[in-house]
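Chemist: Just dropping this structure here.
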Amino acid sequence: MMKGHNMSSFLSRPVCSRFCIVCLLLFGALSQVDSARARQSNLGLDEVEISSLGAVRLSEMLRLMPGMEAWSNDRYTQRLLGYGLGGLHGEGPSILIDGVSYPAFFMDRTLTESLPVSPSDLSSVQWEPGRRLIAGGRMADGVLRLTTRPVEGWVARASIGLINETGDPGPAKLLDSTATNVDRSGPAIDARLAWGNGTWTMIAGLQTDLHHLTDERISGRVRRVYAAPVQPVITQFSPHIRLSRRSSSSVLDMAVGSSRRKGMLFYESAGWEWPLQTSRDWGRAHLNHRLAQRWQVGIEAEGQRITTTNRAAFIELPSSLTLLEVSTEGWVRMGTQAKSLTLGVGYRAHQFEQHQDSISKNGLFGRIEGNVIRSSTTSSFSVLARQTSRVQSESSTFDWAATTSFSLTADSGRKLALEASWLSGRFKESGAFMELVSMGFDPAEWISTIAVLPPPSREQEIGVSLHGSLPLSESVTAWARLDGRWMSGWNLIDRIVEQPFGIGPLLPTTAFSTGRQGWLFSRSIGLDRMSMNGPRVRVVYQFMHVSSMGDDVFFRHTTGFPRHRIMSMISEKREGGLSWNIRAGLASPWTWPEYKAPARKDIPVEVVLDATVGKDLVGGRMKTLVSFLNLPDATLGHHPAGVIEQFAVRLTLSLRLESQ
Amino acid sequence: MSRTHSLVVIATVACLCLPLLVLVHIASAQSSEGVDEFSFLRASVTGSHVFRYQGMESWSPDPGARLSVSSPYGIGLLRLDGEYRGWQPEGDLPSVRTISILAGWGLASDRDGSIELNAGLMAGNTFMLMDLPKGAPGRFESEILAVSFVRLGRRISSSLRVFLELRAQRVFTRPRWELIDSSAGVSIDMNTPRWIQRILQ
């Protein structure tokens, strides 16, 4: 503990902080590829792997990706193993679609299914762990880089996916009247009408989803909420329009969309589920233009409104809440591709509405980014500084964050990259939630018990990552990654669930906790075989270690996942349009730490084995895939309160019509 | 692990391993045969008897009837099955009728020879109809099932064969419903009509 406190006091010294920023900047400037190349990781999927998985939903595809871990009790929220943080605990990753960032916060299905992409749009997915400063004055915990397939001429296509999870009682229902049918998922549909000519692309898309929530672990809670044996159906309806123009001198990318999701939904911020409807209306615009050989200017703008409203229920429900968030940024880039400096300034505003009262905060931010690329080295740095004012409390805070990276690439393809990050301020969603409460938001109806609210503390963090890759042959690469992060002053929403499940609504006991600290270490090694001919193979081993130095709250927030995890995936597309994919893996036993007895459960060793086989039909205009998920037929419960997963069969059908 | 469950596992392993033991024979036989894909259809109608089951102890199985059609694909046979069976209850429970539709593939040794060994896997759906009044909740249920099979056949004329078959089934209800059945029957080979062959190809 002493060690942590000493470090904390050291970091809080303004002179030391400034000195360290200067060192980071110098380190970045002295060294240097473009930052994306320097930070390229080996976690991802290519087009063959994406199409052979047979996933229709983006969330489903991400869940099946090696390096991803399912999270949360609704089975659909996800986190990215490496730092093990997600949901309200971290500030979340960012999703970049063709280089344009979309906020992800926590990667739950409400968000991922409202994005203007689905697996059949994608040519590659790349997961880059580590801190990133992104447009809009935001700090991301990792970046998921999605690249879409180019559109030429008119394209109309649609995919439909249906998951039939096994475990219906059949005739056993006649012996036990309480036996219920298991969840049914789907049909999930994505449809697109698109036109493109190499420069302009226009896409109109729609994603819809259905989920019949009847799992016996949830049905007890459902009965209590509705006071009747209801089987809720969760629905999602997400249309969007995207327009882009890409030329050698400029890029314009605009998208708008809306997403409605309703049913018995788990609400991450509250920690329990109730019959609600969430609506998200969003817009995103990116414009950059090259003015001269060495000058480039750009504008980023984004806005979203998230509204939660209730549906009829027997129990008393929280009041509706609206979050409105807008940001805009203008930037200028000087230099060439080999050496560049970017300066950006912007404005960000948030408004929350509850009980017809509103709480708002807004602020200015500045961003500096630099890249230097030489024949064998690449270095980059970025610094973000932002001043946020709170209208109701008439207070303001100053936050800053810096990242830097340096990579060496040899002619043989060997690569070594070092990254460092440092942040100080209030970046985490949990801190933002506590801040809301301090500004007048009434959480009493959302959260069962409120302890005395302490003022949020200033969060500090230092992170270092080392990543190396070694080509073993033309198609085989071995890689290793080592991450370490020290955190202090964390603001955490501390939840404990003490009730047995199945008897009523899930109501955790909640307290606010500040000043939490500890270390996180993550090590990963992997082997990739990415050949144009023959199967693609990825094998990843991940190890996660938490050192809380006796801080129980920190420990509980950073664990709740298997400590050791090995995942492998083999995919191939053969001539004649036959594709296949096999996922196999092993995860060590673990315990979900928020839960106390009798709810607390140890989750045993998990064996992952999925297989998908697909075939192109009618000259490639149609594709059908059958997936066998959880082939060992193990009864999996990834979350103590969540659904039980059993052997399931997924059927996917895609249609594609093109005119050049 | 219950005895039936162990038997289902052993039967499945046997169904998968047996063909491997004759794989060398298959490969050599196939290379000399040069059989076109979907060139013929093999149809059979047979009765089946369940001699071990678990997960549905409150009912006892009647003999079943099965219609099976297979056609050459790769080094084996693609197969489509439909099966009907009645289940008689104990006490006041309603009787149950099941119809299973299955598709799969199995390795086949010497498809034109006098003795043929065919073993593989099939998957499909079991539709269960409980003898309850129309509209009663729970009258109709369905669930996925998987089957491993091994079939030993002997040619008795140019197009007729007699065969014995052993199948291990798992219906993915909860509790899981597992059974092993045996069957014997006659199959007939016929040339695939051109239009069916074109669709299959």
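In the structure tokens, each chain is lettered A, B, ... as it comes, each chain's residues begin at 1, and ligands are numbered from 1 in order of appearance.
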Sorted by chain and rising residue number, which residues of chain B lie within 6 Å of chain A, and what are their closest atom pairs and distances in Å to one decimal, counting only C-alpha atoms, as a tab-separated table?
Modeler:
residue	atom	partner	partner_atom	distance
B:Glu141	CA	A:Gly170	CA	5.7
B:Phe172	CA	A:Thr166	CA	5.5
B:Thr173	CA	A:Gly167	CA	4.4
B:Arg174	CA	A:Gly167	CA	4.6
Chemist: Could you list, as a ChimeraX atom specification, every residue within 12 Å of Glu394 in chain A, counting only C-alpha atoms and ignoring same-chain residues fewer than 6 positions away?
Modeler: /A:359-362,388,438-439
Chemist: Please produce a file of the residues just selected, as a PDB file, in the first residue's frame, where the atoms kept are N, CA, C and O atoms.
Modeler:
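The resulting selection_3.pdb:
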ATOM      1  N   ILE A 359     -29.045  18.701 -16.351  1.00  0.00           N
ATOM      2  CA  ILE A 359     -27.714  18.903 -15.790  1.00  0.00           C
ATOM      3  C   ILE A 359     -26.781  18.963 -16.985  1.00  0.00           C
ATOM      4  O   ILE A 359     -26.884  18.127 -17.889  1.00  0.00           O
ATOM      5  N   SER A 360     -25.896  19.929 -17.018  1.00  0.00           N
ATOM      6  CA  SER A 360     -25.024  19.983 -18.190  1.00  0.00           C
ATOM      7  C   SER A 360     -23.581  20.276 -17.812  1.00  0.00           C
ATOM      8  O   SER A 360     -23.296  20.896 -16.782  1.00  0.00           O
ATOM      9  N   LYS A 361     -22.714  19.798 -18.670  1.00  0.00           N
ATOM     10  CA  LYS A 361     -21.295  20.129 -18.558  1.00  0.00           C
ATOM     11  C   LYS A 361     -20.755  20.292 -19.968  1.00  0.00           C
ATOM     12  O   LYS A 361     -21.250  19.669 -20.917  1.00  0.00           O
ATOM     13  N   ASN A 362     -19.785  21.155 -20.116  1.00  0.00           N
ATOM     14  CA  ASN A 362     -19.202  21.366 -21.434  1.00  0.00           C
ATOM     15  C   ASN A 362     -17.762  21.819 -21.280  1.00  0.00           C
ATOM     16  O   ASN A 362     -17.341  22.198 -20.196  1.00  0.00           O
ATOM     17  N   THR A 388     -13.119  21.023 -18.465  1.00  0.00           N
ATOM     18  CA  THR A 388     -14.564  20.763 -18.436  1.00  0.00           C
ATOM     19  C   THR A 388     -15.219  21.599 -17.349  1.00  0.00           C
ATOM     20  O   THR A 388     -14.752  21.614 -16.205  1.00  0.00           O
ATOM     21  N   SER A 438     -23.128  14.098  -8.159  1.00  0.00           N
ATOM     22  CA  SER A 438     -22.703  15.290  -7.415  1.00  0.00           C
ATOM     23  C   SER A 438     -23.316  16.560  -8.008  1.00  0.00           C
ATOM     24  O   SER A 438     -23.422  17.575  -7.345  1.00  0.00           O
ATOM     25  N   MET A 439     -23.738  16.486  -9.276  1.00  0.00           N
ATOM     26  CA  MET A 439     -24.333  17.664  -9.926  1.00  0.00           C
ATOM     27  C   MET A 439     -25.853  17.704  -9.785  1.00  0.00           C
ATOM     28  O   MET A 439     -26.499  18.607 -10.299  1.00  0.00           O
TER      29      MET A 439
END
Chemist: I need the residues in chain B that are alpha helix (DSSP H) according to DSSP; give them as a PDB file with N, CA, C and O atoms, in the first residue's frame.
Modeler:
ATOM      1  N   ARG B   3     -25.436 -45.764 -17.878  1.00  0.00           N
ATOM      2  CA  ARG B   3     -25.024 -46.797 -18.831  1.00  0.00           C
ATOM      3  C   ARG B   3     -25.392 -46.420 -20.273  1.00  0.00           C
ATOM      4  O   ARG B   3     -24.627 -46.624 -21.210  1.00  0.00           O
ATOM      5  N   THR B   4     -26.612 -45.862 -20.419  1.00  0.00           N
ATOM      6  CA  THR B   4     -27.042 -45.485 -21.775  1.00  0.00           C
ATOM      7  C   THR B   4     -26.152 -44.384 -22.333  1.00  0.00           C
ATOM      8  O   THR B   4     -25.756 -44.414 -23.497  1.00  0.00           O
ATOM      9  N   HIS B   5     -25.839 -43.402 -21.467  1.00  0.00           N
ATOM     10  CA  HIS B   5     -24.983 -42.312 -21.920  1.00  0.00           C
ATOM     11  C   HIS B   5     -23.630 -42.860 -22.376  1.00  0.00           C
ATOM     12  O   HIS B   5     -23.118 -42.493 -23.427  1.00  0.00           O
ATOM     13  N   SER B   6     -23.071 -43.798 -21.569  1.00  0.00           N
ATOM     14  CA  SER B   6     -21.777 -44.396 -21.942  1.00  0.00           C
ATOM     15  C   SER B   6     -21.899 -45.132 -23.270  1.00  0.00           C
ATOM     16  O   SER B   6     -21.018 -45.032 -24.123  1.00  0.00           O
ATOM     17  N   LEU B   7     -23.008 -45.851 -23.426  1.00  0.00           N
ATOM     18  CA  LEU B   7     -23.191 -46.601 -24.670  1.00  0.00           C
ATOM     19  C   LEU B   7     -23.308 -45.673 -25.880  1.00  0.00           C
ATOM     20  O   LEU B   7     -22.787 -45.975 -26.952  1.00  0.00           O
ATOM     21  N   VAL B   8     -24.001 -44.541 -25.676  1.00  0.00           N
ATOM     22  CA  VAL B   8     -24.137 -43.586 -26.779  1.00  0.00           C
ATOM     23  C   VAL B   8     -22.755 -43.057 -27.167  1.00  0.00           C
ATOM     24  O   VAL B   8     -22.428 -42.953 -28.358  1.00  0.00           O
ATOM     25  N   VAL B   9     -21.947 -42.753 -26.149  1.00  0.00           N
ATOM     26  CA  VAL B   9     -20.594 -42.257 -26.440  1.00  0.00           C
ATOM     27  C   VAL B   9     -19.792 -43.330 -27.163  1.00  0.00           C
ATOM     28  O   VAL B   9     -19.141 -43.060 -28.183  1.00  0.00           O
ATOM     29  N   ILE B  10     -19.850 -44.577 -26.644  1.00  0.00           N
ATOM     30  CA  ILE B  10     -19.085 -45.672 -27.267  1.00  0.00           C
ATOM     31  C   ILE B  10     -19.566 -45.907 -28.697  1.00  0.00           C
ATOM     32  O   ILE B  10     -18.771 -46.047 -29.625  1.00  0.00           O
ATOM     33  N   ALA B  11     -20.883 -45.888 -28.868  1.00  0.00           N
ATOM     34  CA  ALA B  11     -21.435 -46.115 -30.211  1.00  0.00           C
ATOM     35  C   ALA B  11     -21.004 -45.013 -31.171  1.00  0.00           C
ATOM     36  O   ALA B  11     -20.671 -45.270 -32.327  1.00  0.00           O
ATOM     37  N   THR B  12     -21.006 -43.769 -30.675  1.00  0.00           N
ATOM     38  CA  THR B  12     -20.588 -42.654 -31.529  1.00  0.00           C
ATOM     39  C   THR B  12     -19.128 -42.801 -31.931  1.00  0.00           C
ATOM     40  O   THR B  12     -18.771 -42.636 -33.103  1.00  0.00           O
ATOM     41  N   VAL B  13     -18.294 -43.118 -30.924  1.00  0.00           N
ATOM     42  CA  VAL B  13     -16.862 -43.295 -31.220  1.00  0.00           C
ATOM     43  C   VAL B  13     -16.668 -44.436 -32.211  1.00  0.00           C
ATOM     44  O   VAL B  13     -15.907 -44.320 -33.175  1.00  0.00           O
ATOM     45  N   ALA B  14     -17.414 -45.526 -31.986  1.00  0.00           N
ATOM     46  CA  ALA B  14     -17.290 -46.680 -32.889  1.00  0.00           C
ATOM     47  C   ALA B  14     -17.709 -46.312 -34.304  1.00  0.00           C
ATOM     48  O   ALA B  14     -17.052 -46.669 -35.282  1.00  0.00           O
ATOM     49  N   CYS B  15     -18.819 -45.546 -34.382  1.00  0.00           N
ATOM     50  CA  CYS B  15     -19.310 -45.147 -35.704  1.00  0.00           C
ATOM     51  C   CYS B  15     -18.288 -44.298 -36.447  1.00  0.00           C
ATOM     52  O   CYS B  15     -18.226 -44.314 -37.674  1.00  0.00           O
ATOM     53  N   LEU B  16     -17.521 -43.529 -35.689  1.00  0.00           N
ATOM     54  CA  LEU B  16     -16.534 -42.672 -36.341  1.00  0.00           C
ATOM     55  C   LEU B  16     -15.220 -43.412 -36.603  1.00  0.00           C
ATOM     56  O   LEU B  16     -14.528 -43.143 -37.572  1.00  0.00           O
ATOM     57  N   CYS B  17     -14.873 -44.349 -35.689  1.00  0.00           N
ATOM     58  CA  CYS B  17     -13.567 -45.009 -35.814  1.00  0.00           C
ATOM     59  C   CYS B  17     -13.576 -46.164 -36.808  1.00  0.00           C
ATOM     60  O   CYS B  17     -12.582 -46.406 -37.484  1.00  0.00           O
ATOM     61  N   LEU B  18     -14.695 -46.847 -36.856  1.00  0.00           N
ATOM     62  CA  LEU B  18     -14.742 -48.005 -37.755  1.00  0.00           C
ATOM     63  C   LEU B  18     -14.358 -47.652 -39.189  1.00  0.00           C
ATOM     64  O   LEU B  18     -13.535 -48.337 -39.801  1.00  0.00           O
ATOM     65  N   PRO B  19     -14.932 -46.580 -39.716  1.00  0.00           N
ATOM     66  CA  PRO B  19     -14.562 -46.264 -41.102  1.00  0.00           C
ATOM     67  C   PRO B  19     -13.079 -45.915 -41.247  1.00  0.00           C
ATOM     68  O   PRO B  19     -12.503 -46.181 -42.305  1.00  0.00           O
ATOM     69  N   LEU B  20     -12.510 -45.361 -40.198  1.00  0.00           N
ATOM     70  CA  LEU B  20     -11.094 -45.014 -40.306  1.00  0.00           C
ATOM     71  C   LEU B  20     -10.253 -46.276 -40.500  1.00  0.00           C
ATOM     72  O   LEU B  20      -9.248 -46.269 -41.200  1.00  0.00           O
ATOM     73  N   LEU B  21     -10.697 -47.364 -39.854  1.00  0.00           N
ATOM     74  CA  LEU B  21      -9.952 -48.612 -39.961  1.00  0.00           C
ATOM     75  C   LEU B  21      -9.964 -49.169 -41.394  1.00  0.00           C
ATOM     76  O   LEU B  21      -9.075 -49.887 -41.791  1.00  0.00           O
ATOM     77  N   LEU B  23     -10.217 -47.102 -44.001  1.00  0.00           N
ATOM     78  CA  LEU B  23     -10.011 -45.940 -44.880  1.00  0.00           C
ATOM     79  C   LEU B  23      -9.110 -46.265 -46.075  1.00  0.00           C
ATOM     80  O   LEU B  23      -9.348 -45.814 -47.189  1.00  0.00           O
ATOM     81  N   VAL B  24      -8.093 -47.052 -45.792  1.00  0.00           N
ATOM     82  CA  VAL B  24      -7.169 -47.419 -46.878  1.00  0.00           C
ATOM     83  C   VAL B  24      -7.923 -48.192 -47.959  1.00  0.00           C
ATOM     84  O   VAL B  24      -7.796 -47.919 -49.157  1.00  0.00           O
ATOM     85  N   HIS B  25      -8.751 -49.081 -47.486  1.00  0.00           N
ATOM     86  CA  HIS B  25      -9.566 -49.872 -48.407  1.00  0.00           C
ATOM     87  C   HIS B  25     -10.514 -48.958 -49.209  1.00  0.00           C
ATOM     88  O   HIS B  25     -10.641 -49.082 -50.427  1.00  0.00           O
ATOM     89  N   ILE B  26     -11.107 -47.991 -48.493  1.00  0.00           N
ATOM     90  CA  ILE B  26     -12.040 -47.057 -49.146  1.00  0.00           C
ATOM     91  C   ILE B  26     -11.319 -46.289 -50.246  1.00  0.00           C
ATOM     92  O   ILE B  26     -11.785 -46.217 -51.381  1.00  0.00           O
ATOM     93  N   ALA B  27     -10.167 -45.740 -49.866  1.00  0.00           N
ATOM     94  CA  ALA B  27      -9.441 -44.885 -50.817  1.00  0.00           C
ATOM     95  C   ALA B  27      -9.105 -45.658 -52.084  1.00  0.00           C
ATOM     96  O   ALA B  27      -9.314 -45.170 -53.202  1.00  0.00           O
ATOM     97  N   SER B  28      -8.620 -46.889 -51.880  1.00  0.00           N
ATOM     98  CA  SER B  28      -8.223 -47.659 -53.063  1.00  0.00           C
ATOM     99  C   SER B  28      -9.467 -48.029 -53.885  1.00  0.00           C
ATOM    100  O   SER B  28      -9.456 -47.955 -55.109  1.00  0.00           O
ATOM    101  N   ALA B  29     -10.534 -48.387 -53.180  1.00  0.00           N
ATOM    102  CA  ALA B  29     -11.764 -48.765 -53.888  1.00  0.00           C
ATOM    103  C   ALA B  29     -12.336 -47.584 -54.649  1.00  0.00           C
ATOM    104  O   ALA B  29     -12.715 -47.703 -55.811  1.00  0.00           O
ATOM    105  N   GLN B  30     -12.352 -46.404 -53.998  1.00  0.00           N
ATOM    106  CA  GLN B  30     -12.951 -45.228 -54.637  1.00  0.00           C
ATOM    107  C   GLN B  30     -12.183 -44.799 -55.875  1.00  0.00           C
ATOM    108  O   GLN B  30     -12.763 -44.402 -56.872  1.00  0.00           O
ATOM    109  N   SER B  31     -10.836 -44.859 -55.751  1.00  0.00           N
ATOM    110  CA  SER B  31     -10.042 -44.376 -56.881  1.00  0.00           C
ATOM    111  C   SER B  31     -10.294 -45.231 -58.121  1.00  0.00           C
ATOM    112  O   SER B  31     -10.241 -44.746 -59.237  1.00  0.00           O
ATOM    113  N   SER B  32     -10.566 -46.519 -57.906  1.00  0.00           N
ATOM    114  CA  SER B  32     -10.800 -47.370 -59.072  1.00  0.00           C
ATOM    115  C   SER B  32     -12.245 -47.272 -59.569  1.00  0.00           C
ATOM    116  O   SER B  32     -12.545 -47.563 -60.705  1.00  0.00           O
ATOM    117  N   GLU B  33     -13.143 -46.845 -58.675  1.00  0.00           N
ATOM    118  CA  GLU B  33     -14.555 -46.807 -59.060  1.00  0.00           C
ATOM    119  C   GLU B  33     -14.891 -45.684 -60.026  1.00  0.00           C
ATOM    120  O   GLU B  33     -15.533 -45.879 -61.037  1.00  0.00           O
ATOM    121  N   ARG B 194     -31.971 -36.862 -64.084  1.00  0.00           N
ATOM    122  CA  ARG B 194     -31.046 -35.793 -64.444  1.00  0.00           C
ATOM    123  C   ARG B 194     -31.350 -34.476 -63.714  1.00  0.00           C
ATOM    124  O   ARG B 194     -30.468 -33.789 -63.231  1.00  0.00           O
ATOM    125  N   TRP B 195     -32.659 -34.165 -63.632  1.00  0.00           N
ATOM    126  CA  TRP B 195     -33.004 -32.874 -63.022  1.00  0.00           C
ATOM    127  C   TRP B 195     -32.680 -32.848 -61.521  1.00  0.00           C
ATOM    128  O   TRP B 195     -32.246 -31.837 -60.990  1.00  0.00           O
ATOM    129  N   ILE B 196     -32.835 -33.995 -60.858  1.00  0.00           N
ATOM    130  CA  ILE B 196     -32.477 -34.042 -59.425  1.00  0.00           C
ATOM    131  C   ILE B 196     -30.960 -33.930 -59.277  1.00  0.00           C
ATOM    132  O   ILE B 196     -30.448 -33.213 -58.419  1.00  0.00           O
ATOM    133  N   GLN B 197     -30.240 -34.635 -60.157  1.00  0.00           N
ATOM    134  CA  GLN B 197     -28.773 -34.593 -60.104  1.00  0.00           C
ATOM    135  C   GLN B 197     -28.267 -33.156 -60.289  1.00  0.00           C
ATOM    136  O   GLN B 197     -27.348 -32.712 -59.605  1.00  0.00           O
ATOM    137  N   ARG B 198     -28.917 -32.433 -61.239  1.00  0.00           N
ATOM    138  CA  ARG B 198     -28.500 -31.056 -61.507  1.00  0.00           C
ATOM    139  C   ARG B 198     -28.718 -30.175 -60.270  1.00  0.00           C
ATOM    140  O   ARG B 198     -27.876 -29.381 -59.901  1.00  0.00           O
ATOM    141  N   ILE B 199     -29.864 -30.370 -59.627  1.00  0.00           N
ATOM    142  CA  ILE B 199     -30.152 -29.569 -58.419  1.00  0.00           C
ATOM    143  C   ILE B 199     -29.136 -29.888 -57.328  1.00  0.00           C
ATOM    144  O   ILE B 199     -28.566 -28.992 -56.696  1.00  0.00           O
ATOM    145  N   LEU B 200     -28.879 -31.190 -57.136  1.00  0.00           N
ATOM    146  CA  LEU B 200     -27.953 -31.580 -56.069  1.00  0.00           C
ATOM    147  C   LEU B 200     -26.550 -31.066 -56.331  1.00  0.00           C
ATOM    148  O   LEU B 200     -25.844 -30.648 -55.423  1.00  0.00           O
TER     149      LEU B 200
END
Chemist: What separation in Å, quoted to one decimal, exists between CA of Leu115 in chain A and CA of Asp253 in chain A?
Modeler: 14.1 Å
Chemist: Might you pull out every residue within 6 Å of range 298-305 of chain A, with only C-alpha atoms counted and same-chain residues fewer than 4 positions away left off, and present them as a list in words?
Modeler: Arg280, Asp281, Trp282, Gly283, Arg284, Ala285, His286, Leu287, Asn288, Leu323, Leu324, Glu325, Val326, Ser327, Thr328, Glu329, Gly330 and Trp331 of chain A
Chemist: What is the distance, in Å and to one decimal place, between CA of Asp483 in chain A and CA of Glu49 in chain A?
Modeler: 26.7 Å
Chemist: Using only C-alpha atoms, which residues sit within 9 Å of range 306-314 of chain A once same-chain residues fewer than 6 positions away are excluded, as an MDAnalysis selection string?
Modeler: chainID A and resid 224:228 262:263 274:282 320:325
Chemist: Convert the current residue selection to file output with N, CA, C and O atoms, as a compact mmCIF listing (two decimals), in the first residue's frame.
Modeler:
# COMPACT_ATOMS: atom_id res chain seq x y z
N ARG A 224 -41.36 -11.90 -11.37
CA ARG A 224 -41.50 -10.96 -10.26
C ARG A 224 -41.72 -9.53 -10.77
O ARG A 224 -42.48 -8.76 -10.19
N VAL A 225 -41.05 -9.21 -11.85
CA VAL A 225 -41.15 -7.85 -12.40
C VAL A 225 -42.53 -7.60 -13.00
O VAL A 225 -43.11 -6.54 -12.84
N TYR A 226 -43.08 -8.61 -13.67
CA TYR A 226 -44.38 -8.44 -14.34
C TYR A 226 -45.54 -8.97 -13.50
O TYR A 226 -46.69 -8.79 -13.87
N ALA A 227 -45.22 -9.71 -12.44
CA ALA A 227 -46.25 -10.38 -11.62
C ALA A 227 -47.11 -11.30 -12.48
O ALA A 227 -48.32 -11.43 -12.26
N ALA A 228 -46.51 -11.88 -13.48
CA ALA A 228 -47.22 -12.81 -14.37
C ALA A 228 -46.17 -13.63 -15.12
O ALA A 228 -45.02 -13.20 -15.24
N LYS A 262 -36.05 -2.58 -27.15
CA LYS A 262 -36.99 -2.66 -26.04
C LYS A 262 -37.18 -4.10 -25.58
O LYS A 262 -36.98 -5.04 -26.34
N GLY A 263 -37.59 -4.20 -24.33
CA GLY A 263 -37.79 -5.51 -23.73
C GLY A 263 -37.30 -5.50 -22.31
O GLY A 263 -37.16 -4.44 -21.70
N TRP A 274 -34.81 -4.24 -16.21
CA TRP A 274 -36.24 -4.01 -16.08
C TRP A 274 -36.83 -3.75 -17.48
O TRP A 274 -36.07 -3.58 -18.43
N PRO A 275 -38.15 -3.73 -17.61
CA PRO A 275 -38.72 -3.55 -18.95
C PRO A 275 -38.52 -2.10 -19.40
O PRO A 275 -39.19 -1.20 -18.91
N LEU A 276 -37.61 -1.89 -20.26
CA LEU A 276 -37.34 -0.52 -20.69
C LEU A 276 -37.14 -0.47 -22.19
O LEU A 276 -36.97 -1.49 -22.86
N GLN A 277 -37.14 0.75 -22.67
CA GLN A 277 -36.85 0.98 -24.08
C GLN A 277 -35.71 1.97 -24.15
O GLN A 277 -35.75 3.01 -23.51
N THR A 278 -34.68 1.63 -24.89
CA THR A 278 -33.59 2.59 -25.09
C THR A 278 -33.62 3.03 -26.55
O THR A 278 -33.75 2.21 -27.46
N SER A 279 -33.49 4.32 -26.73
CA SER A 279 -33.46 4.87 -28.08
C SER A 279 -32.16 5.63 -28.24
O SER A 279 -31.76 6.37 -27.34
N ARG A 280 -31.52 5.42 -29.36
CA ARG A 280 -30.28 6.13 -29.62
C ARG A 280 -30.35 6.73 -31.02
O ARG A 280 -30.48 5.99 -32.00
N ASP A 281 -30.31 8.04 -31.08
CA ASP A 281 -30.25 8.74 -32.37
C ASP A 281 -28.87 9.35 -32.46
O ASP A 281 -28.42 10.00 -31.52
N TRP A 282 -28.22 9.14 -33.56
CA TRP A 282 -26.82 9.56 -33.63
C TRP A 282 -26.46 10.10 -35.01
O TRP A 282 -27.14 9.82 -36.01
N SER A 320 -37.54 8.11 -16.56
CA SER A 320 -36.78 8.11 -17.82
C SER A 320 -35.61 9.11 -17.74
O SER A 320 -35.63 10.05 -16.95
N LEU A 321 -34.63 8.86 -18.57
CA LEU A 321 -33.42 9.68 -18.55
C LEU A 321 -32.99 9.93 -19.99
O LEU A 321 -33.06 9.03 -20.83
N THR A 322 -32.55 11.14 -20.26
CA THR A 322 -32.06 11.46 -21.61
C THR A 322 -30.64 12.01 -21.51
O THR A 322 -30.36 12.86 -20.67
N LEU A 323 -29.79 11.49 -22.33
CA LEU A 323 -28.40 11.98 -22.41
C LEU A 323 -28.21 12.56 -23.81
O LEU A 323 -28.48 11.89 -24.82
N LEU A 324 -27.77 13.79 -23.85
CA LEU A 324 -27.48 14.44 -25.13
C LEU A 324 -26.00 14.79 -25.14
O LEU A 324 -25.50 15.39 -24.17
N GLU A 325 -25.31 14.42 -26.20
CA GLU A 325 -23.87 14.60 -26.23
C GLU A 325 -23.48 15.08 -27.62
O GLU A 325 -23.85 14.44 -28.61
Chemist: Among range 365-583 of chain A, which ones does DSSP assign to strand (DSSP E) (computed from the backbone)? Answer as JSON, numbers by chain.
Modeler: {"A": [365, 366, 367, 368, 369, 370, 371, 372, 373, 377, 378, 379, 380, 381, 382, 383, 384, 385, 386, 387, 388, 389, 390, 395, 396, 397, 398, 399, 400, 401, 402, 403, 404, 405, 406, 407, 408, 409, 415, 416, 417, 418, 419, 420, 421, 422, 423, 424, 425, 459, 460, 461, 462, 463, 464, 465, 466, 467, 468, 469, 470, 471, 476, 477, 478, 479, 480, 481, 482, 483, 484, 485, 486, 487, 488, 489, 490, 491, 492, 493, 494, 495, 496, 509, 510, 511, 512, 513, 514, 515, 516, 517, 518, 519, 520, 521, 522, 523, 524, 525, 526, 527, 528, 529, 536, 537, 538, 539, 540, 541, 542, 543, 544, 545, 546, 547, 564, 565, 566, 567, 568, 569, 570, 571, 572, 573, 578, 579, 580, 581, 582, 583]}
Chemist: Between CA of Trp486 in chain A and CA of Ala401 in chain A, what is the distance in Å, rounded to a tenth?
Modeler: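 Value for the CA of Trp486 in chain A-CA of Ala401 in chain A distance: 14.4 Å.
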Chemist: Hey, what's within 8 Å of range 125-136 of chain B if we count only C-alpha atoms and toss same-chain stuff fewer than 5 positions away? As a ChimeraX atom specification, please?
Modeler: /A:170-171 /B:94-102,141-145,171
Chemist: Output C-alpha atoms for every residue in that selection, as a compact mmCIF listing (two decimals), in the first residue's frame.
Modeler:
# COMPACT_ATOMS: atom_id res chain seq x y z
CA GLY A 170 -39.99 -31.58 -24.73
CA PRO A 171 -42.27 -34.21 -23.16
CA PRO B 94 -50.45 -38.54 -22.73
CA SER B 95 -48.77 -40.58 -25.42
CA VAL B 96 -46.15 -38.95 -27.62
CA ARG B 97 -45.47 -39.28 -31.33
CA THR B 98 -42.14 -38.18 -32.79
CA ILE B 99 -41.15 -37.45 -36.37
CA SER B 100 -37.46 -36.86 -37.02
CA ILE B 101 -36.02 -35.30 -40.17
CA LEU B 102 -32.25 -35.75 -40.54
CA GLU B 141 -42.53 -29.31 -29.25
CA SER B 142 -39.45 -29.64 -31.40
CA GLU B 143 -35.75 -29.98 -30.70
CA ILE B 144 -32.48 -30.61 -32.50
CA LEU B 145 -31.08 -34.11 -32.60
CA VAL B 171 -32.16 -35.31 -28.77
